[in-house]
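Note: the block below is data.cif and it holds mmCIF, C-alpha atoms and all ligand atoms.
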data_upload
loop_
_atom_site.label_atom_id
_atom_site.label_comp_id
_atom_site.auth_asym_id
_atom_site.auth_seq_id
_atom_site.Cartn_x
_atom_site.Cartn_y
_atom_site.Cartn_z
CA MET A 1 128.49 165.81 85.15
CA MET A 2 126.28 163.08 86.60
CA LYS A 3 127.18 159.53 87.70
CA GLN A 4 124.96 156.61 88.55
CA LEU A 5 125.49 153.80 91.06
CA ARG A 6 123.18 150.85 91.62
CA VAL A 7 122.12 149.44 94.98
CA GLU A 8 120.95 145.85 94.55
CA ALA A 9 118.93 145.67 97.76
CA ASP A 10 115.70 143.63 98.08
CA HIS A 11 114.14 146.73 96.58
CA PRO A 12 116.84 147.88 94.12
CA TYR A 13 117.40 151.53 93.20
CA ASN A 14 119.86 153.98 91.68
CA VAL A 15 121.96 156.68 93.28
CA HIS A 16 122.53 159.63 90.94
CA ILE A 17 125.30 161.96 92.00
CA GLY A 18 126.64 165.14 90.41
CA HIS A 19 125.21 168.27 88.85
CA GLN A 20 121.63 168.77 87.74
CA VAL A 21 120.48 165.42 89.06
CA PHE A 22 117.05 166.92 89.79
CA SER A 23 116.49 167.08 86.05
CA LEU A 24 115.78 163.34 86.38
CA PHE A 25 112.39 164.16 87.94
CA THR A 26 111.12 164.80 84.44
CA LYS A 27 113.16 161.98 82.85
CA ASP A 28 113.90 158.66 84.63
CA TYR A 29 111.44 159.38 87.46
CA HIS A 30 108.69 161.07 85.48
CA GLY A 31 106.49 157.96 85.68
CA LEU A 32 106.90 157.68 89.43
CA LEU A 33 106.11 161.34 90.05
CA SER A 34 103.25 161.64 87.61
CA SER A 35 101.51 158.53 88.95
CA ALA A 36 101.57 159.81 92.56
CA ASP A 37 98.29 161.31 93.80
CA ARG A 38 100.26 163.67 96.07
CA ILE A 39 103.93 164.63 96.15
CA VAL A 40 105.15 165.90 99.51
CA VAL A 41 108.57 167.44 100.05
CA VAL A 42 109.72 167.08 103.67
CA ALA A 43 112.45 169.70 103.92
CA ASP A 44 114.96 170.65 106.62
CA ALA A 45 114.11 174.26 107.56
CA GLN A 46 117.62 175.57 106.94
CA VAL A 47 117.94 173.70 103.65
CA ALA A 48 114.52 175.03 102.62
CA LYS A 49 115.73 178.59 103.20
CA LEU A 50 118.78 178.04 101.06
CA HIS A 51 117.65 175.64 98.36
CA LEU A 52 113.88 175.01 98.25
CA GLU A 53 113.28 177.41 95.39
CA TYR A 54 116.02 175.66 93.41
CA LEU A 55 114.42 172.25 94.04
CA LEU A 56 110.90 173.46 93.20
CA GLY A 57 112.25 174.86 89.94
CA TYR A 58 112.75 171.27 88.82
CA LEU A 59 109.29 170.21 90.01
CA ARG A 60 107.23 172.92 88.26
CA GLU A 61 105.37 170.36 86.23
CA PHE A 62 103.95 168.70 89.36
CA ASP A 63 101.58 169.75 92.13
CA VAL A 64 103.92 169.65 95.12
CA ARG A 65 103.19 170.27 98.83
CA VAL A 66 106.00 171.23 101.18
CA LEU A 67 106.41 170.56 104.88
CA THR A 68 109.43 172.13 106.57
CA ILE A 69 110.70 170.39 109.69
CA PRO A 70 113.25 171.55 112.29
CA ALA A 71 116.81 171.83 110.97
CA GLY A 72 119.16 168.98 111.77
CA GLU A 73 119.03 166.48 114.60
CA GLN A 74 116.05 168.07 116.42
CA ALA A 75 113.86 166.63 113.68
CA LYS A 76 114.56 163.05 114.76
CA SER A 77 111.84 163.23 117.41
CA VAL A 78 108.42 161.69 117.99
CA GLU A 79 106.94 165.20 117.66
CA THR A 80 108.33 165.78 114.16
CA PHE A 81 107.44 162.22 113.17
CA MET A 82 103.82 162.87 114.22
CA ASP A 83 103.78 166.34 112.59
CA CYS A 84 104.75 164.68 109.30
CA HIS A 85 101.94 162.14 109.59
CA THR A 86 99.47 164.89 110.49
CA PHE A 87 100.55 166.86 107.42
CA LEU A 88 100.23 163.85 105.11
CA LEU A 89 96.76 163.03 106.48
CA SER A 90 95.50 166.59 106.32
CA GLU A 91 96.77 166.97 102.74
CA GLY A 92 94.75 163.93 101.70
CA CYS A 93 97.73 161.67 101.04
CA SER A 94 97.12 157.99 100.37
CA ARG A 95 99.11 154.85 99.60
CA LYS A 96 99.63 156.34 96.14
CA SER A 97 101.49 159.38 97.50
CA LEU A 98 105.22 160.03 97.16
CA LEU A 99 107.51 161.65 99.68
CA LEU A 100 110.73 163.53 98.88
CA ALA A 101 113.21 163.89 101.77
CA PHE A 102 115.20 167.10 101.26
CA GLY A 103 118.03 167.66 103.73
CA GLY A 104 120.84 165.94 105.56
CA GLY A 105 120.86 162.63 107.37
CA ALA A 106 118.46 163.81 110.07
CA THR A 107 115.78 164.74 107.54
CA GLY A 108 116.40 161.57 105.55
CA ASP A 109 116.14 159.41 108.66
CA VAL A 110 112.87 160.87 109.97
CA ALA A 111 111.25 161.30 106.55
CA GLY A 112 112.25 157.75 105.63
CA PHE A 113 110.69 156.51 108.86
CA VAL A 114 107.51 158.43 108.07
CA ALA A 115 107.46 156.95 104.56
CA SER A 116 107.89 153.45 105.96
CA THR A 117 105.00 153.86 108.42
CA PHE A 118 102.44 156.07 106.67
CA MET A 119 99.57 153.70 105.84
CA ARG A 120 102.23 150.98 106.36
CA GLY A 121 104.52 152.31 103.68
CA ILE A 122 104.65 154.72 100.76
CA PRO A 123 107.51 155.33 98.30
CA TYR A 124 110.11 158.01 98.94
CA ILE A 125 113.13 159.54 97.25
CA GLN A 126 116.19 160.74 99.15
CA LEU A 127 117.49 164.18 98.15
CA PRO A 128 120.60 164.45 100.36
CA THR A 129 122.18 167.86 100.96
CA THR A 130 125.17 167.08 103.18
CA ILE A 131 128.45 165.23 102.72
CA LEU A 132 127.48 162.91 105.54
CA ALA A 133 124.31 161.96 103.73
CA HIS A 134 126.30 159.93 101.17
CA ASP A 135 126.03 157.42 104.02
CA SER A 136 122.52 158.07 105.39
CA ALA A 137 120.68 158.36 102.08
CA VAL A 138 121.88 154.95 100.94
CA GLY A 139 120.99 151.66 102.61
CA GLY A 140 117.50 152.22 103.93
CA LYS A 141 118.09 152.70 107.65
CA THR A 142 115.48 155.12 108.99
CA ALA A 143 115.14 156.31 112.58
CA ILE A 144 114.26 158.77 115.27
CA ASN A 145 116.04 159.06 118.61
CA HIS A 146 115.00 158.05 122.11
CA LYS A 147 116.52 159.83 125.09
CA LEU A 148 117.96 156.49 126.18
CA GLY A 149 119.65 155.85 122.86
CA LYS A 150 120.38 157.06 119.34
CA ASN A 151 118.22 155.79 116.44
CA MET A 152 116.40 153.41 118.76
CA ILE A 153 113.09 153.65 116.89
CA GLY A 154 113.19 152.96 113.19
CA THR A 155 112.95 150.62 110.24
CA PHE A 156 114.85 149.27 107.24
CA TYR A 157 113.08 150.79 104.26
CA GLN A 158 114.80 151.44 100.94
CA PRO A 159 114.06 154.55 98.86
CA GLU A 160 112.99 154.55 95.20
CA ALA A 161 116.10 156.56 94.31
CA VAL A 162 118.75 158.90 95.66
CA LEU A 163 119.31 162.16 93.79
CA TYR A 164 122.47 163.74 95.18
CA ASP A 165 123.10 167.24 93.83
CA ILE A 166 126.62 168.06 94.96
CA GLN A 167 126.22 171.74 94.09
CA LEU A 168 124.09 172.04 97.25
CA LEU A 169 127.08 171.06 99.38
CA ARG A 170 128.69 174.44 98.73
CA THR A 171 126.60 176.11 101.44
CA LEU A 172 127.62 173.64 104.15
CA PRO A 173 129.26 175.24 107.19
CA ALA A 174 132.76 174.02 108.13
CA ASP A 175 131.57 171.82 111.01
CA GLU A 176 129.19 169.96 108.69
CA VAL A 177 131.97 169.39 106.13
CA ARG A 178 134.07 167.98 108.97
CA SER A 179 131.17 165.85 110.19
CA GLY A 180 130.49 164.39 106.77
CA MET A 181 134.13 163.63 106.02
CA ALA A 182 134.33 161.50 109.18
CA GLU A 183 131.91 158.99 107.61
CA VAL A 184 133.96 159.11 104.39
CA VAL A 185 137.06 158.26 106.42
CA LYS A 186 135.06 155.50 108.16
CA HIS A 187 134.29 153.97 104.77
CA ALA A 188 138.01 154.12 103.95
CA PHE A 189 139.08 152.55 107.25
CA ILE A 190 136.82 149.55 106.74
CA SER A 191 137.73 149.07 103.08
CA ASN A 192 140.93 150.50 101.61
CA GLU A 193 144.32 151.60 103.00
CA SER A 194 145.51 153.65 100.01
CA TRP A 195 142.26 155.63 99.91
CA LEU A 196 142.59 156.14 103.67
CA LEU A 197 146.12 157.54 103.27
CA GLU A 198 144.89 159.89 100.56
CA LEU A 199 142.22 161.21 102.94
CA LEU A 200 144.63 161.57 105.85
CA GLU A 201 146.75 163.85 103.68
CA ILE A 202 143.99 166.47 103.57
CA ASP A 203 145.12 169.19 105.98
CA GLU A 204 142.16 171.46 105.43
CA LEU A 205 138.89 169.81 104.54
CA GLY A 206 137.34 173.17 103.69
CA THR A 207 139.63 173.59 100.69
CA MET A 208 138.42 170.52 98.81
CA ALA A 209 137.10 171.21 95.31
CA ASP A 210 133.71 169.86 94.15
CA GLY A 211 135.39 167.22 91.98
CA GLU A 212 137.52 165.95 94.85
CA ILE A 213 134.52 165.76 97.20
CA MET A 214 132.47 163.97 94.57
CA ALA A 215 135.20 161.38 93.97
CA HIS A 216 135.34 160.58 97.70
CA LEU A 217 131.55 160.43 97.96
CA GLU A 218 131.37 157.99 95.06
CA LYS A 219 133.91 155.72 96.73
CA GLY A 220 132.04 155.93 100.04
CA ILE A 221 128.72 155.11 98.40
CA ALA A 222 130.28 152.15 96.58
CA VAL A 223 131.60 150.72 99.87
CA LYS A 224 128.24 151.24 101.57
CA ALA A 225 126.21 149.83 98.68
CA ALA A 226 128.34 146.68 98.47
CA ILE A 227 127.86 145.97 102.18
CA VAL A 228 124.12 146.70 102.09
CA GLU A 229 123.75 144.38 99.09
CA GLU A 230 125.42 141.58 101.05
CA ASP A 231 123.58 142.11 104.34
CA GLU A 232 120.70 144.57 104.07
CA PHE A 233 119.16 143.79 107.47
CA GLU A 234 122.38 143.77 109.48
CA SER A 235 122.76 140.23 110.64
CA GLY A 236 126.47 140.20 109.80
CA VAL A 237 128.81 142.36 107.74
CA ARG A 238 126.57 145.43 107.81
CA LYS A 239 127.65 145.86 111.42
CA TYR A 240 131.05 146.95 110.04
CA LEU A 241 129.40 150.20 108.88
CA ASN A 242 129.11 150.88 112.60
CA PHE A 243 132.89 151.32 112.96
CA GLY A 244 133.33 154.11 115.55
CA HIS A 245 129.63 154.19 116.40
CA THR A 246 129.51 152.40 119.78
CA LEU A 247 131.20 155.39 121.40
CA ALA A 248 129.80 157.94 118.90
CA HIS A 249 126.18 157.17 119.74
CA ALA A 250 127.01 157.16 123.47
CA LEU A 251 128.58 160.62 123.16
CA GLU A 252 125.57 161.93 121.23
CA GLY A 253 123.25 160.54 123.90
CA HIS A 254 125.36 161.94 126.71
CA PHE A 255 125.86 165.45 125.33
CA GLY A 256 122.32 165.67 123.96
CA TYR A 257 121.34 165.02 120.34
CA GLY A 258 122.65 167.76 118.08
CA ARG A 259 125.13 169.11 120.69
CA ILE A 260 127.93 167.25 118.94
CA THR A 261 127.57 166.47 115.25
CA HIS A 262 127.19 162.80 114.35
CA GLY A 263 130.38 162.79 112.26
CA GLU A 264 132.44 164.49 114.95
CA ALA A 265 131.24 161.86 117.41
CA VAL A 266 132.12 159.14 114.89
CA ALA A 267 135.64 160.57 114.57
CA LEU A 268 136.12 160.30 118.35
CA GLY A 269 134.57 156.84 118.28
CA MET A 270 136.95 155.73 115.53
CA ALA A 271 139.94 156.97 117.57
CA TYR A 272 138.73 154.79 120.46
CA ALA A 273 138.13 151.79 118.20
CA LEU A 274 141.58 152.23 116.62
CA HIS A 275 143.14 152.26 120.07
CA LEU A 276 141.21 149.13 121.07
CA SER A 277 142.43 147.58 117.80
CA ASN A 278 146.08 148.55 118.38
CA HIS A 279 145.90 150.01 114.88
CA ALA A 280 149.16 151.43 113.54
CA ARG A 281 147.50 154.57 112.19
CA LEU A 282 145.95 155.81 115.45
CA ASN A 283 148.47 158.61 115.95
CA GLU A 284 148.29 159.68 112.31
CA PHE A 285 144.49 159.77 112.57
CA LEU A 286 144.61 161.86 115.76
CA VAL A 287 146.97 164.35 114.12
CA TRP A 288 144.59 164.58 111.13
CA CYS A 289 141.67 165.14 113.53
CA ARG A 290 143.58 167.96 115.27
CA LYS A 291 144.52 169.61 111.96
CA ASN A 292 140.90 169.55 110.90
CA SER A 293 139.53 170.73 114.27
CA TYR A 294 137.60 167.62 115.29
CA PRO A 295 136.67 168.24 118.97
CA LEU A 296 138.99 165.63 120.51
CA GLU A 297 138.92 167.55 123.79
CA LYS A 298 135.26 166.57 124.23
CA LEU A 299 136.40 163.09 125.22
CA GLN A 300 138.14 164.50 128.26
CA GLU A 301 134.86 166.12 129.35
CA VAL A 302 133.12 162.73 129.69
CA SER A 303 133.85 159.99 132.17
CA PHE A 304 133.68 156.32 131.23
CA GLU A 305 130.84 155.89 133.76
CA GLU A 306 128.78 158.49 131.92
CA ILE A 307 128.97 156.80 128.54
CA LEU A 308 128.83 153.20 129.78
CA PRO A 309 125.00 152.92 130.04
CA PHE A 310 124.65 154.13 126.45
CA MET A 311 127.31 151.74 125.15
CA LYS A 312 125.61 148.83 126.92
CA LYS A 313 122.42 149.56 124.98
CA ASP A 314 124.18 149.60 121.61
CA LYS A 315 122.18 147.79 118.92
CA LYS A 316 125.09 145.48 118.13
CA SER A 317 125.12 144.06 121.63
CA SER A 318 122.82 142.12 123.91
CA GLU A 319 122.69 141.50 127.66
CA GLY A 320 124.67 144.69 128.26
CA ALA A 321 127.89 143.40 126.70
CA LEU A 322 130.17 146.03 125.12
CA SER A 323 130.34 145.45 121.40
CA PHE A 324 132.76 147.22 119.04
CA VAL A 325 133.75 147.05 115.41
CA LEU A 326 137.55 146.77 115.44
CA LEU A 327 140.12 146.52 112.67
CA GLU A 328 142.60 143.71 112.25
CA LYS A 329 144.12 146.15 109.78
CA THR A 330 142.66 148.77 107.44
CA GLY A 331 140.05 147.05 105.29
CA THR A 332 139.62 144.11 107.66
CA PRO A 333 136.94 144.89 110.25
CA PHE A 334 135.58 142.43 112.79
CA LEU A 335 133.10 142.52 115.65
CA GLU A 336 134.42 142.12 119.18
CA THR A 337 132.93 142.00 122.66
CA ILE A 338 135.19 143.83 125.08
CA GLU A 339 135.22 143.35 128.81
CA GLU A 340 134.27 146.45 130.80
CA LYS A 341 137.64 146.77 132.58
CA ARG A 342 139.58 146.67 129.30
CA ALA A 343 137.21 149.15 127.67
CA GLU A 344 137.62 151.53 130.61
CA ALA A 345 141.42 151.26 130.66
CA ALA A 346 141.60 151.92 126.91
CA TYR A 347 139.29 154.92 127.27
CA LEU A 348 141.47 156.45 129.99
CA GLU A 349 144.63 155.76 127.96
CA LEU A 350 143.14 157.45 124.91
CA CYS A 351 142.11 160.49 126.94
CA SER A 352 145.61 160.91 128.33
CA MET A 353 147.12 160.34 124.87
CA LEU A 354 145.10 163.28 123.53
CA GLY A 355 147.07 165.73 125.62
CA GLY A 356 150.16 164.88 123.55
CA VAL A 357 148.61 165.27 120.08
N1 LIG B 401 120.46 156.15 108.01
C1 LIG B 401 121.76 155.98 108.01
O1 LIG B 401 122.29 154.99 107.49
C2 LIG B 401 122.63 157.03 108.59
C3 LIG B 401 123.99 157.06 108.29
C4 LIG B 401 124.77 158.05 108.83
C5 LIG B 401 124.20 159.02 109.65
N2 LIG B 401 122.88 158.98 109.90
C6 LIG B 401 122.23 160.03 110.70
O2 LIG B 401 122.36 161.26 109.98
C7 LIG B 401 122.28 162.34 110.90
C8 LIG B 401 123.33 163.37 110.57
O3 LIG B 401 123.10 163.84 109.28
P1 LIG B 401 123.90 165.09 108.69
O4 LIG B 401 125.29 165.08 109.14
O5 LIG B 401 123.59 165.12 107.26
O6 LIG B 401 123.28 166.30 109.48
P2 LIG B 401 121.85 166.96 109.63
O7 LIG B 401 120.84 166.41 108.75
O8 LIG B 401 121.61 166.97 111.09
O9 LIG B 401 122.17 168.45 109.14
C9 LIG B 401 123.18 169.17 109.82
C10 LIG B 401 122.99 170.66 109.65
O10 LIG B 401 123.32 171.05 108.33
C11 LIG B 401 122.29 171.84 107.77
N3 LIG B 401 122.35 171.62 106.32
C12 LIG B 401 122.00 170.51 105.65
N4 LIG B 401 122.28 170.65 104.35
C13 LIG B 401 122.81 171.87 104.20
C14 LIG B 401 123.34 172.60 103.09
N5 LIG B 401 123.39 172.05 101.89
N6 LIG B 401 123.78 173.84 103.32
C15 LIG B 401 123.78 174.38 104.56
N7 LIG B 401 123.33 173.75 105.64
C16 LIG B 401 122.86 172.50 105.46
C17 LIG B 401 121.03 171.40 108.47
O11 LIG B 401 120.07 172.41 108.47
C18 LIG B 401 121.56 171.13 109.88
O12 LIG B 401 121.60 172.32 110.61
C19 LIG B 401 122.44 161.75 112.28
O13 LIG B 401 121.19 161.73 112.92
C20 LIG B 401 122.90 160.33 112.02
O14 LIG B 401 122.49 159.45 113.03
C21 LIG B 401 122.07 158.01 109.39
O1 LIG B 402 124.10 151.92 107.46
C1 LIG B 402 124.54 151.42 108.49
O2 LIG B 402 124.32 150.24 108.77
C2 LIG B 402 125.34 152.21 109.44
O3 LIG B 402 125.66 151.74 110.52
C3 LIG B 402 125.72 153.60 109.02
C4 LIG B 402 126.01 154.53 110.18
O4 LIG B 402 126.94 155.49 109.72
C5 LIG B 402 124.78 155.31 110.65
O5 LIG B 402 125.16 156.25 111.61
C6 LIG B 402 123.59 154.50 111.11
O6 LIG B 402 122.49 155.34 111.32
C7 LIG B 402 123.84 153.81 112.41
O7 LIG B 402 122.84 152.89 112.59
P1 LIG B 402 122.50 152.25 113.99
O8 LIG B 402 121.73 151.03 113.62
O9 LIG B 402 123.77 151.96 114.70
O10 LIG B 402 121.67 153.25 114.72
ZN ZN B 403 127.06 157.10 111.16
#

Step by step, read the file and then write its structure as structure tokens.
Ligand SMILES: NC(=O)c1ccc[n+]([C@@H]2O[C@H](COP(=O)([O-])OP(=O)(O)OC[C@H]3O[C@@H](n4cnc5c(N)ncnc54)[C@H](O)[C@@H]3O)[C@@H](O)[C@H]2O)c1
Ligand SMILES: O=C(O)C(=O)C[C@@H](O)[C@H](O)[C@H](O)COP(=O)(O)O
Ligand SMILES: [Zn+2]
Amino acid sequence: MMKQLRVEADHPYNVHIGHQVFSLFTKDYHGLLSSADRIVVVADAQVAKLHLEYLLGYLREFDVRVLTIPAGEQAKSVETFMDCHTFLLSEGCSRKSLLLAFGGGATGDVAGFVASTFMRGIPYIQLPTTILAHDSAVGGKTAINHKLGKNMIGTFYQPEAVLYDIQLLRTLPADEVRSGMAEVVKHAFISNESWLLELLEIDELGTMADGEIMAHLEKGIAVKAAIVEEDEFESGVRKYLNFGHTLAHALEGHFGYGRITHGEAVALGMAYALHLSNHARLNEFLVWCRKNSYPLEKLQEVSFEEILPFMKKDKKSSEGALSFVLLEKTGTPFLETIEEKRAEAAYLELCSMLGGV
């Protein structure tokens, strides 16, 4: 089964999700691939080990070059960014070349950034391999990290297409399933209470069947696509996709990129934002996080002073103000600047609340 969703961005494209989506290389995308002078797959090293042969099986007709990059978050570095450019240059790539980003959000973010900057921009296709990447592969945000802040160097650059083969998700370890489902829950919190309640009933994320995962991913992509269509370059409503991220990015910066998964950090960040929002479902959400082994205890390892400098540099804020996406209620997000004293008190309250969950 294969489904198709449309993203009507400035540069519109389709998201194909389901089984055998790579068969579209020789159908819908045959023209794009056959007109490229070079096709380069930028693959996460771990994903390459598990699934590169499978991918290349669908690309037999084409002359494809492969560059493997470090697995996961370590790839979002200046070094990997430069290694990609060096590879493209030494392989004789030009403005007529095509890049395929094969991996999770980290691979998609760095490869997308490379695509947006190589000779000032070449086309690329996202081939996401994680649950989380239902979010990262759609919407055109690309980035690498700076030690002073997450995703601080990047561009908005939409792909030609997203081919999302959900069969590849079967090899995801439990912590990556957990990480990805946090962004699904984020999409529910900012859009739809009944979907949220359905998600909060899942006691063991690891037991979800392919069909169930796919249904949630489709809903998440639809929420994301609608927001991107309205505000591609994040001057307004796109900021709502950052629900939970002011604290999440601070935690990632504090612990070191890759030491806490992005989705786990987002889960903790959503708990904080729910508390700041006085949201009725905070306790329910914390119980769900506990049942599904989100590392809530990590919050107690970090002082407010340690995360404050990162939160002050958040991309939603300026002049060091603390900026959060809060919820009036589920489905009604808004942007709020919170005074430092209130943010600190709420952080301490949340930390002490965690002992009782
Ligand atoms: N651009 C955006 O809009 C956007 C949105 C959300 C998140 N992000 C970014 O995405 C990144 C997180 O992405 P992620 O959660 O996909 O993680 P990831 O890309 O870091 O991958 C996590 C781990 O899973 C492994 N992996 C990937 N696919 C696998 C598979 N099918 N089977 C087994 N192992 C697999 C990788 O090797 C890695 O070790 C963060 O850097 C975050 O900032 C970007
Ligand atoms: O697409 C968006 O916009 C998002 O905010 C999605 C987030 O889940 C994602 O983590 C994104 O990379 C965050 O972007 P940033 O601009 O806050 O770095
Ligand atoms: Zn995110």

Q.
Taking 6 positions as the minimum chain separation for residues in the same chain, which residues sit within 12 Å of Asn278 (chain A) when counting only C-alpha atoms? Answer as an MDAnalysis selection string.
A. chainID A and resid 270:272 326:330 346 350

For chain A versus ligand ZN 403 (chain B), which residues have an atom no more than 7 Å away, and what is each residue's nearest atom pair and distance in Å rounded to one decimal, using all atoms listed in the file, chain-then-number order, as a tab-separated table?
residue	atom	partner	partner_atom	distance
A:Glu183	CA	B:ZN403	ZN	6.3
A:Asn242	CA	B:ZN403	ZN	6.7
A:His245	CA	B:ZN403	ZN	6.5
A:His262	CA	B:ZN403	ZN	6.5
A:Gly263	CA	B:ZN403	ZN	6.7
A:Val266	CA	B:ZN403	ZN	6.6

Q | For Thr129 (chain A): contacts at 12 Å, all atoms listed in the file, fewer than 5 positions along chain excluded, given as a ChimeraX atom specification | A | /A:17-18,43-44,46-48,50-52,55,72,101-108,134-137,162-173,176-177,180

At a cut-off of 6 Å and counting all atoms listed in the file, what residues surround ligand LIG 402 (chain B)? Please answer as a short mmCIF file (atom, residue, chain, number, x, y, z; two decimals) with C-alpha atoms, in the frame of the given file.
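Saved file result.cif follows:
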data_model
loop_
_atom_site.label_atom_id
_atom_site.label_comp_id
_atom_site.auth_asym_id
_atom_site.auth_seq_id
_atom_site.Cartn_x
_atom_site.Cartn_y
_atom_site.Cartn_z
CA GLY A 139 120.99 151.66 102.61
CA ASN A 151 118.22 155.79 116.44
CA ARG A 238 126.57 145.43 107.81
CA LEU A 241 129.40 150.20 108.88
CA ASN A 242 129.11 150.88 112.60
#

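Residue nearest ligand LIG 401 (chain B) within the list A:Ala9, A:Ala248, A:Leu132, A:Ala188: A:Leu132 [criterion: smallest interatomic distance, only C-alpha atoms and all ligand atoms].
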
**Q.** Surrounding residues of region 305-315 of chain A excluding itself and chain neighbours under 6 positions, 9 Å, all atoms listed in the file, as a ChimeraX atom specification
**A.** /A:148-150,152,245-247,249-251,253-254,321-323,340,344

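Between ligand LIG 401 (chain B) and the residues A:Ala71, A:Val110, A:Leu98, A:Ile190, the shortest atom-to-atom distance, using all atoms listed in the file, involves A:Ala71.
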
Return as JSON the box centre and box size in Å, one decimal, for an axis-aligned box around all listed atoms of ligand LIG 401 (chain B) padded by 4 Å per side.
{"center_x": 122.7, "center_y": 164.7, "center_z": 107.5, "size_x": 13.2, "size_y": 27.4, "size_z": 19.1}

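What separates CA of His275 (chain A) from CA of Gly355 (chain A) is a distance of 15.1 Å.
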
Name all residues at most 9 Å from Phe304 (chain A) (count only C-alpha atoms; drop same-chain ones fewer than 6 positions away) and give them as a compact mmCIF listing (two decimals) with C-alpha atoms, in the frame of the given file.
# COMPACT_ATOMS: atom_id res chain seq x y z
CA ALA A 343 137.21 149.15 127.67
CA GLU A 344 137.62 151.53 130.61
CA TYR A 347 139.29 154.92 127.27
CA LEU A 348 141.47 156.45 129.99

Q.
So that I can check the surroundings of Val223 (chain A), please list as a PyMOL selection string every protein, DNA and RNA residue that reaches within 12 Å of it, counting all atoms listed in the file and ignoring chain neighbours fewer than 5 positions away.
A. chain A and resi 5-7+134-135+138-139+183-192+195+216-218+228-230+237-238+240-241+331

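Candidate residues A:Val21, A:Cys84, A:Leu274, A:Leu56 were compared for distance to Leu286 (chain A), and the nearest is A:Leu274, using only C-alpha atoms.
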
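The space separating CA of Leu196 (chain A) from CA of Arg281 (chain A) comes to 10.0 Å.
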
(Q) Nearest residue to Asp28 (chain A) out of A:Ser90, A:Tyr294, A:Glu160, A:His11, using only C-alpha atoms? (A) A:Glu160

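Put simply, CA of Arg290 (chain A) is 14.6 Å away from CA of Gly269 (chain A).
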
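Minimum atom-to-atom distance to Arg342 (chain A), evaluated using only C-alpha atoms, belongs to A:Ser277 out of A:Ser94, A:Asn292, A:Ser277, A:Ser317.
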
Q. Got a sec to check which residues sit within 10 Å of (100.7, 168.2, 90.5), counting all atoms listed in the file, and write them as a list of chain:residue names?
A. A:Leu33, A:Ser34, A:Ser35, A:Ala36, A:Asp37, A:Arg38, A:Ile39, A:Leu59, A:Arg60, A:Glu61, A:Phe62, A:Asp63, A:Val64, A:Arg65

Distance cut-off 10 Å, centre (138.3, 175.4, 103.9) in file coordinates, counting only C-alpha atoms: which residues qualify? Return them as a compact mmCIF listing (two decimals) with C-alpha atoms, keeping the file's coordinate frame.
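Contents of the output file part.txt:
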# COMPACT_ATOMS: atom_id res chain seq x y z
CA PRO A 173 129.26 175.24 107.19
CA ALA A 174 132.76 174.02 108.13
CA VAL A 177 131.97 169.39 106.13
CA ARG A 178 134.07 167.98 108.97
CA ASP A 203 145.12 169.19 105.98
CA GLU A 204 142.16 171.46 105.43
CA LEU A 205 138.89 169.81 104.54
CA GLY A 206 137.34 173.17 103.69
CA THR A 207 139.63 173.59 100.69
CA MET A 208 138.42 170.52 98.81
CA ALA A 209 137.10 171.21 95.31
CA ASN A 292 140.90 169.55 110.90

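Here the question is which of A:Glu349, A:Asp10, A:Glu339, A:Glu232 gets nearest to ligand LIG 401 (chain B) using only C-alpha atoms and all ligand atoms, and that residue is A:Glu232.
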
Copy region 16-25 of chain A out of the block into a file, keeping N, CA and C atoms, as an mmCIF file, in the first residue's frame.
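Ended up saving to decode_11.cif:
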data_model
loop_
_atom_site.group_PDB
_atom_site.id
_atom_site.type_symbol
_atom_site.label_atom_id
_atom_site.label_comp_id
_atom_site.auth_asym_id
_atom_site.auth_seq_id
_atom_site.Cartn_x
_atom_site.Cartn_y
_atom_site.Cartn_z
ATOM 1 N N HIS A 16 5.356 10.466 -0.576
ATOM 2 C CA HIS A 16 4.805 9.132 -0.830
ATOM 3 C C HIS A 16 5.160 8.266 0.363
ATOM 4 N N ILE A 17 4.159 7.686 0.980
ATOM 5 C CA ILE A 17 4.419 6.902 2.186
ATOM 6 C C ILE A 17 3.789 5.521 2.042
ATOM 7 N N GLY A 18 4.505 4.496 2.510
ATOM 8 C CA GLY A 18 3.954 3.141 2.467
ATOM 9 C C GLY A 18 5.011 2.134 2.056
ATOM 10 N N HIS A 19 4.537 1.092 1.359
ATOM 11 C CA HIS A 19 5.446 0.038 0.908
ATOM 12 C C HIS A 19 5.867 0.282 -0.534
ATOM 13 N N GLN A 20 7.063 -0.160 -0.832
ATOM 14 C CA GLN A 20 7.599 -0.079 -2.193
ATOM 15 C C GLN A 20 7.584 1.313 -2.834
ATOM 16 N N VAL A 21 7.713 2.318 -2.012
ATOM 17 C CA VAL A 21 7.704 3.680 -2.573
ATOM 18 C C VAL A 21 8.924 3.931 -3.464
ATOM 19 N N PHE A 22 10.011 3.174 -3.245
ATOM 20 C CA PHE A 22 11.204 3.391 -4.076
ATOM 21 C C PHE A 22 10.970 2.958 -5.528
ATOM 22 N N SER A 23 9.905 2.218 -5.750
ATOM 23 C CA SER A 23 9.592 1.846 -7.134
ATOM 24 C C SER A 23 9.277 3.099 -7.965
ATOM 25 N N LEU A 24 8.994 4.209 -7.287
ATOM 26 C CA LEU A 24 8.678 5.454 -8.009
ATOM 27 C C LEU A 24 9.905 6.076 -8.691
ATOM 28 N N PHE A 25 11.096 5.608 -8.311
ATOM 29 C CA PHE A 25 12.308 6.098 -8.995
ATOM 30 C C PHE A 25 12.224 5.831 -10.496
#
